[in-house]
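File shown: data_15.tsv (TSV, C-alpha atoms).
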```tsv
chain	number	residue	atom	x	y	z
B	339	MET	CA	-72.41	-64.65	150.26
B	340	LEU	CA	-75.55	-66.74	149.68
B	341	TYR	CA	-73.36	-69.53	148.32
B	342	VAL	CA	-71.03	-69.31	151.32
B	343	VAL	CA	-73.87	-69.52	153.85
B	344	CYS	CA	-75.43	-72.46	152.00
B	345	CYS	CA	-72.10	-74.25	152.22
B	346	MET	CA	-72.37	-73.98	156.01
B	347	THR	CA	-75.72	-75.75	156.02
B	348	MET	CA	-74.42	-79.31	156.30
B	349	ASP	CA	-72.49	-78.39	159.45
B	350	ILE	CA	-75.18	-76.26	161.08
B	351	ILE	CA	-78.59	-77.72	160.20
B	352	LYS	CA	-78.19	-81.09	161.85
B	353	PRO	CA	-78.71	-82.67	165.28
B	354	ARG	CA	-76.10	-81.66	167.85
B	355	ASP	CA	-76.09	-85.33	168.93
B	356	SER	CA	-76.65	-87.60	165.94
B	357	ASP	CA	-77.44	-90.58	168.18
B	358	PHE	CA	-79.97	-88.66	170.32
B	359	ARG	CA	-78.53	-90.31	173.42
B	360	ASP	CA	-79.40	-87.65	175.97
B	361	ILE	CA	-82.84	-86.54	177.13
B	362	PRO	CA	-83.38	-82.94	175.92
B	363	GLU	CA	-82.89	-80.51	178.79
B	364	GLU	CA	-86.19	-78.82	177.99
B	365	ILE	CA	-87.96	-82.12	178.73
B	366	LEU	CA	-85.70	-83.23	181.56
B	367	THR	CA	-86.39	-80.08	183.58
B	368	ASP	CA	-90.14	-79.80	182.96
B	369	SER	CA	-92.50	-81.96	185.01
B	370	ARG	CA	-95.21	-81.58	182.36
B	371	TYR	CA	-93.14	-83.74	180.01
B	372	MET	CA	-90.73	-85.75	182.18
B	373	PRO	CA	-90.65	-88.74	182.29
B	374	HIS	CA	-93.58	-89.16	179.90
B	375	PHE	CA	-91.82	-87.83	176.77
B	376	LYS	CA	-88.23	-88.68	177.73
B	377	ASP	CA	-87.58	-90.46	174.41
B	378	CYS	CA	-88.85	-87.60	172.24
B	379	ILE	CA	-86.11	-86.00	170.13
B	380	GLY	CA	-87.91	-83.15	168.33
B	381	ALA	CA	-90.87	-82.04	166.25
B	382	ILE	CA	-91.61	-82.00	162.52
B	383	ASP	CA	-93.95	-79.80	160.49
B	384	GLY	CA	-94.31	-77.90	157.26
B	385	THR	CA	-94.67	-74.20	156.60
B	386	HIS	CA	-95.42	-72.10	153.53
B	387	ILE	CA	-93.07	-69.40	152.24
B	388	PRO	CA	-94.23	-67.02	149.46
B	389	VAL	CA	-92.47	-67.36	146.13
B	390	SER	CA	-92.08	-64.95	143.25
B	391	ILE	CA	-92.81	-66.90	140.09
B	392	SER	CA	-94.08	-66.19	136.58
B	393	PRO	CA	-97.89	-66.35	136.16
B	394	GLU	CA	-97.75	-69.25	133.70
B	395	ASP	CA	-95.90	-71.38	136.27
B	396	GLN	CA	-97.89	-70.43	139.36
B	397	ILE	CA	-100.72	-72.99	139.42
B	398	PRO	CA	-98.83	-75.84	141.20
B	399	TYR	CA	-97.62	-73.38	143.82
B	400	ILE	CA	-101.02	-71.93	144.76
B	401	GLY	CA	-102.47	-73.90	147.65
B	402	ARG	CA	-104.75	-72.98	150.54
B	403	LYS	CA	-102.93	-69.64	151.02
B	404	TRP	CA	-104.25	-68.50	147.61
B	405	ILE	CA	-100.81	-67.12	146.75
B	406	PRO	CA	-97.81	-68.93	145.24
B	407	THR	CA	-95.77	-70.59	147.98
B	408	GLN	CA	-93.18	-73.26	148.48
B	409	ASN	CA	-93.94	-75.84	151.16
B	410	VAL	CA	-90.94	-76.22	153.46
B	411	MET	CA	-90.63	-79.26	155.71
B	412	ALA	CA	-88.42	-78.92	158.78
B	413	GLY	CA	-87.57	-80.67	162.00
B	414	CYS	CA	-86.34	-78.91	165.11
B	415	ASP	CA	-85.02	-79.80	168.53
B	416	PHE	CA	-86.37	-78.39	171.79
B	417	ASN	CA	-83.70	-75.68	171.80
B	418	MET	CA	-85.47	-74.14	168.78
B	419	GLN	CA	-82.76	-75.11	166.30
B	420	PHE	CA	-83.50	-76.68	162.94
B	421	ILE	CA	-82.04	-80.17	162.62
B	422	PHE	CA	-83.33	-80.80	159.10
B	423	ALA	CA	-84.96	-78.84	156.30
B	424	VAL	CA	-86.09	-79.46	152.75
B	425	ALA	CA	-87.45	-76.68	150.54
B	426	SER	CA	-88.61	-76.21	146.92
B	427	TRP	CA	-91.85	-78.24	147.10
B	428	GLU	CA	-94.89	-76.66	145.45
B	429	GLY	CA	-97.48	-75.02	147.69
B	430	THR	CA	-100.06	-77.62	146.65
B	431	ALA	CA	-97.89	-80.50	147.89
B	432	HIS	CA	-99.33	-82.12	151.03
B	433	ASP	CA	-97.17	-82.34	154.14
B	434	SER	CA	-97.55	-86.12	154.31
B	435	ARG	CA	-96.38	-86.54	150.71
B	436	ILE	CA	-93.28	-84.41	151.34
B	437	PHE	CA	-92.61	-86.34	154.53
B	438	GLN	CA	-92.86	-89.75	152.86
B	439	LYS	CA	-90.61	-88.73	149.97
B	440	THR	CA	-88.08	-87.18	152.34
B	441	ILE	CA	-87.60	-90.08	154.74
B	442	ARG	CA	-87.30	-92.53	151.82
B	443	ASP	CA	-84.63	-90.58	149.92
B	444	PRO	CA	-81.17	-91.47	151.25
B	445	ALA	CA	-79.66	-88.51	149.38
B	446	LEU	CA	-81.48	-86.10	151.71
B	447	ASN	CA	-79.81	-87.60	154.80
B	448	PHE	CA	-82.86	-87.18	157.02
B	449	PRO	CA	-81.93	-87.79	160.71
B	450	LYS	CA	-84.16	-90.78	161.36
B	451	PRO	CA	-84.92	-91.65	164.98
B	452	LEU	CA	-83.15	-94.67	166.43
B	453	LYS	CA	-85.24	-97.49	167.86
B	454	GLY	CA	-87.13	-96.29	170.92
B	455	LYS	CA	-86.86	-92.60	169.96
B	456	TYR	CA	-89.45	-90.52	168.15
B	457	TYR	CA	-90.47	-87.15	166.73
B	458	LEU	CA	-93.79	-85.45	167.44
B	459	VAL	CA	-95.95	-84.83	164.37
B	460	ASP	CA	-99.47	-83.54	163.80
B	461	ALA	CA	-102.52	-85.53	162.69
B	462	GLY	CA	-101.72	-84.99	159.02
B	463	TYR	CA	-98.69	-87.28	159.12
B	464	PRO	CA	-98.75	-91.08	158.87
B	465	GLN	CA	-98.84	-93.05	162.09
B	466	MET	CA	-95.62	-95.04	161.88
B	467	SER	CA	-92.66	-96.11	163.94
B	468	GLY	CA	-90.60	-93.16	165.15
B	469	TYR	CA	-93.31	-90.52	164.62
B	470	VAL	CA	-96.00	-89.92	167.25
B	471	GLY	CA	-99.13	-87.96	166.43
B	472	PRO	CA	-102.15	-87.08	168.59
B	473	TYR	CA	-105.29	-89.09	169.17
B	474	LYS	CA	-107.75	-88.24	166.42
B	475	GLY	CA	-111.32	-87.27	167.12
B	476	GLU	CA	-110.39	-85.50	170.37
B	477	ARG	CA	-109.60	-81.87	171.13
B	478	TYR	CA	-105.98	-81.12	170.32
B	479	HIS	CA	-104.98	-77.48	169.83
B	480	ILE	CA	-104.02	-75.41	172.87
B	481	PRO	CA	-106.62	-72.68	172.15
B	482	ASP	CA	-109.33	-75.37	172.23
B	483	PHE	CA	-108.49	-76.02	175.89
B	484	ARG	CA	-108.06	-72.35	176.76
B	485	ARG	CA	-111.46	-71.39	175.36
B	486	GLY	CA	-113.29	-74.37	176.83
B	487	ARG	CA	-113.00	-76.84	179.66
B	488	GLN	CA	-109.83	-78.62	180.70
B	489	PRO	CA	-109.17	-82.16	179.42
B	490	THR	CA	-112.01	-84.49	180.36
B	491	CYS	CA	-110.53	-87.87	179.39
B	492	PRO	CA	-107.09	-89.52	179.18
B	493	ARG	CA	-106.86	-89.01	175.41
B	494	GLU	CA	-107.42	-85.27	175.81
B	495	VAL	CA	-104.76	-85.17	178.53
B	496	PHE	CA	-102.32	-86.73	176.08
B	497	ASN	CA	-103.35	-84.41	173.25
B	498	GLN	CA	-102.92	-81.32	175.40
B	499	ALA	CA	-99.40	-82.36	176.46
B	500	HIS	CA	-98.51	-83.40	172.90
B	501	SER	CA	-99.74	-80.08	171.47
B	502	SER	CA	-97.90	-78.09	174.12
B	503	LEU	CA	-94.58	-79.88	173.54
B	504	ARG	CA	-94.91	-79.91	169.75
B	505	SER	CA	-95.53	-76.15	169.71
B	506	VAL	CA	-91.75	-75.72	169.70
B	507	ILE	CA	-91.74	-76.15	165.92
B	508	GLU	CA	-94.30	-73.35	165.51
B	509	ARG	CA	-92.32	-71.03	167.78
B	510	THR	CA	-89.14	-71.88	165.85
B	511	PHE	CA	-90.84	-71.05	162.56
B	512	GLY	CA	-92.15	-67.86	164.15
B	513	VAL	CA	-88.71	-66.63	165.27
B	514	TRP	CA	-87.22	-67.49	161.88
B	515	LYS	CA	-89.89	-65.59	159.94
B	516	LYS	CA	-89.82	-62.54	162.21
B	517	LYS	CA	-86.07	-62.19	161.86
B	518	TRP	CA	-85.92	-62.59	158.08
B	519	LYS	CA	-88.49	-60.26	156.49
B	520	ILE	CA	-87.39	-61.38	153.04
B	521	LEU	CA	-89.35	-64.59	153.64
B	522	LYS	CA	-92.63	-62.64	153.59
B	523	THR	CA	-91.95	-60.65	150.40
B	524	MET	CA	-89.58	-62.74	148.32
B	525	PRO	CA	-87.88	-60.70	145.55
B	526	ASN	CA	-88.12	-61.75	141.92
B	527	PHE	CA	-85.01	-63.91	141.94
B	528	SER	CA	-84.74	-67.24	140.16
B	529	PHE	CA	-86.67	-69.99	141.94
B	530	ASN	CA	-83.42	-71.79	142.72
B	531	LYS	CA	-82.10	-68.69	144.47
B	532	GLN	CA	-85.35	-68.32	146.43
B	533	VAL	CA	-84.94	-71.90	147.69
B	534	LYS	CA	-81.35	-71.14	148.71
B	535	ILE	CA	-82.53	-68.05	150.61
B	536	VAL	CA	-84.88	-70.23	152.65
B	537	ILE	CA	-82.12	-72.66	153.57
B	538	ALA	CA	-79.54	-69.91	154.17
B	539	THR	CA	-81.80	-68.06	156.59
B	540	MET	CA	-82.47	-71.30	158.48
B	541	THR	CA	-78.71	-71.80	158.72
B	542	LEU	CA	-78.21	-68.29	160.10
B	543	HIS	CA	-81.11	-68.88	162.51
B	544	ASN	CA	-79.19	-71.81	164.02
B	545	TYR	CA	-75.90	-69.92	164.05
B	546	ILE	CA	-77.47	-67.03	165.97
B	547	LYS	CA	-79.14	-69.37	168.44
B	548	ARG	CA	-75.85	-71.11	169.17
B	549	HIS	CA	-73.55	-68.10	169.38
B	550	ALA	CA	-75.50	-64.94	170.26
B	551	GLN	CA	-75.50	-64.10	173.96
B	552	ARG	CA	-78.85	-62.39	173.60
B	553	ASP	CA	-81.21	-62.15	170.65
B	554	ARG	CA	-84.43	-60.15	170.67
B	555	HIS	CA	-86.50	-62.58	168.65
B	556	PHE	CA	-85.48	-65.63	170.67
B	557	GLU	CA	-86.04	-63.71	173.91
B	558	GLU	CA	-89.53	-62.68	172.78
B	559	SER	CA	-90.40	-66.27	171.94
B	560	LYS	CA	-90.18	-67.15	175.64
B	561	ASN	CA	-93.34	-65.12	176.16
B	562	TYR	CA	-95.26	-67.29	173.74
B	563	GLN	CA	-94.90	-70.76	175.19
B	564	ASP	CA	-97.59	-73.14	173.95
B	565	GLU	CA	-98.75	-70.63	171.32
B	566	GLU	CA	-99.95	-71.92	167.98
B	567	THR	CA	-100.12	-69.99	164.76
B	568	GLU	CA	-103.09	-69.67	162.46
B	569	GLU	CA	-101.24	-71.91	160.03
B	570	GLU	CA	-100.92	-74.59	162.69
B	571	MET	CA	-104.65	-74.46	163.39
B	572	ASP	CA	-105.42	-74.85	159.67
B	573	THR	CA	-104.89	-78.55	158.99
B	574	GLY	CA	-107.88	-79.22	156.75
B	575	GLU	CA	-105.82	-80.18	153.73
B	576	GLU	CA	-103.84	-82.78	155.61
B	577	SER	CA	-106.56	-85.34	156.28
B	578	HIS	CA	-105.51	-87.91	153.70
B	579	GLU	CA	-102.64	-89.59	155.57
B	580	THR	CA	-102.39	-93.37	155.95
B	581	ASN	CA	-100.71	-95.54	158.53
B	582	GLY	CA	-97.17	-96.70	157.88
B	583	PRO	CA	-94.92	-99.46	159.24
B	584	GLY	CA	-95.11	-99.76	163.01
B	585	ALA	CA	-98.53	-98.11	163.39
B	586	GLN	CA	-99.55	-100.60	166.08
B	587	GLU	CA	-96.26	-100.02	167.90
B	588	ILE	CA	-96.93	-96.28	167.99
B	589	GLU	CA	-100.47	-96.85	169.25
B	590	VAL	CA	-99.07	-98.89	172.15
B	591	LEU	CA	-96.47	-96.18	172.87
B	592	ARG	CA	-99.09	-93.44	172.83
B	593	ASN	CA	-101.23	-95.43	175.27
B	594	GLN	CA	-98.21	-95.93	177.54
B	595	ILE	CA	-97.44	-92.19	177.55
B	596	THR	CA	-101.10	-91.47	178.31
B	597	ALA	CA	-101.05	-93.88	181.26
B	598	SER	CA	-97.89	-92.18	182.54
B	599	LEU	CA	-99.51	-88.75	182.28
B	600	MET	CA	-102.51	-90.06	184.21
B	601	GLY	CA	-100.25	-91.45	186.94
B	602	ASP	CA	-101.10	-95.07	186.25
```
Could you show the structure in this file as structure tokens?
Amino acid sequence: MLYVVCCMTMDIIKPRDSDFRDIPEEILTDSRYMPHFKDCIGAIDGTHIPVSISPEDQIPYIGRKWIPTQNVMAGCDFNMQFIFAVASWEGTAHDSRIFQKTIRDPALNFPKPLKGKYYLVDAGYPQMSGYVGPYKGERYHIPDFRRGRQPTCPREVFNQAHSSLRSVIERTFGVWKKKWKILKTMPNFSFNKQVKIVIATMTLHNYIKRHAQRDRHFEESKNYQDEETEEEMDTGEESHETNGPGAQEIEVLRNQITASLMGD
């Protein structure tokens, strides 16, 4: 059955519209994001899934969680469906390294944004064409604004909107992990099978989202708009990124979105 579900992956974990022609409904119908983020197609992030591995092989897999994990990179759309996923990376692998390797490997068939479109990423990813991160050195996470004062400058206005919209990837991870308890206590299968379990459960996540009339975990996620997980708040290891091609282009785009948010 695991093999069968994994065979479905190519048809289910992918963008519904490979050309990203239409503005996502979740942006189109929300005045917080429209028209400012009309060309945004999704969000990208990494998450750690515990692995069961022999003690002599554990060191590369033990990162900031202090337990063996695999670092899983995924992209999602604003309907909380995965459009790309790559698993099997060691827990010590940095998100930016996984990202760079992934977008450069044609065999992985990563859905790259067409010109003028972009994904939202966090500050740990390179600033490059097609991937928009927040302004650095300013408040960013939603709890930062809830605990303190509202945005006090244009860059904080952008960061608050960016963080709010990008939280879809955290909520998508959250629904996925709540539904599949095996992801928290992975059995002692072969590592290859553990990787397949990750991908298979992501595939089933999408299938349920598309075909279930009602699903408890997706329904509950509506009560946690703009929420960020502890993992999302912990970005200390991801401070080594560098700019990539089109960094200046993205800086101009970010400034344009900020001006739009400010009503200029």
The distance between CA of Arg552 (chain B) and CA of Tyr457 (chain B) is 28.2 Å
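For the choices B:Leu521, B:Cys491, B:Ile379, B:Ile546, the atom-to-atom distance to Gln408 (chain B) is smallest for B:Leu521 when using all atoms listed in the file.
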Min atom-atom distance to Asp349 (chain B) from the set B:Gln498, B:Thr596, B:Thr541, B:Gln586, counting all atoms listed in the file, belongs to B:Thr541
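Take the candidates B:Asp415, B:Pro406, B:His549, B:Gly462 and check each one against Lys522 (chain B) using all atoms listed in the file; the shortest distance goes to B:Pro406.
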Computed gap from CA of Thr407 (chain B) to CA of His386 (chain B) is 5.8 Å
- Test item: which residues lie within 10 Å of (-86.6, -64.3, 158.6) counting all atoms listed in the file, as a PyMOL selection string: chain B and resi 511-522+535-536+539-540+542-543
Closest of B:Pro444, B:Tyr341, B:Glu508, B:Lys474 to Thr385 (chain B), counting only C-alpha atoms, is B:Glu508
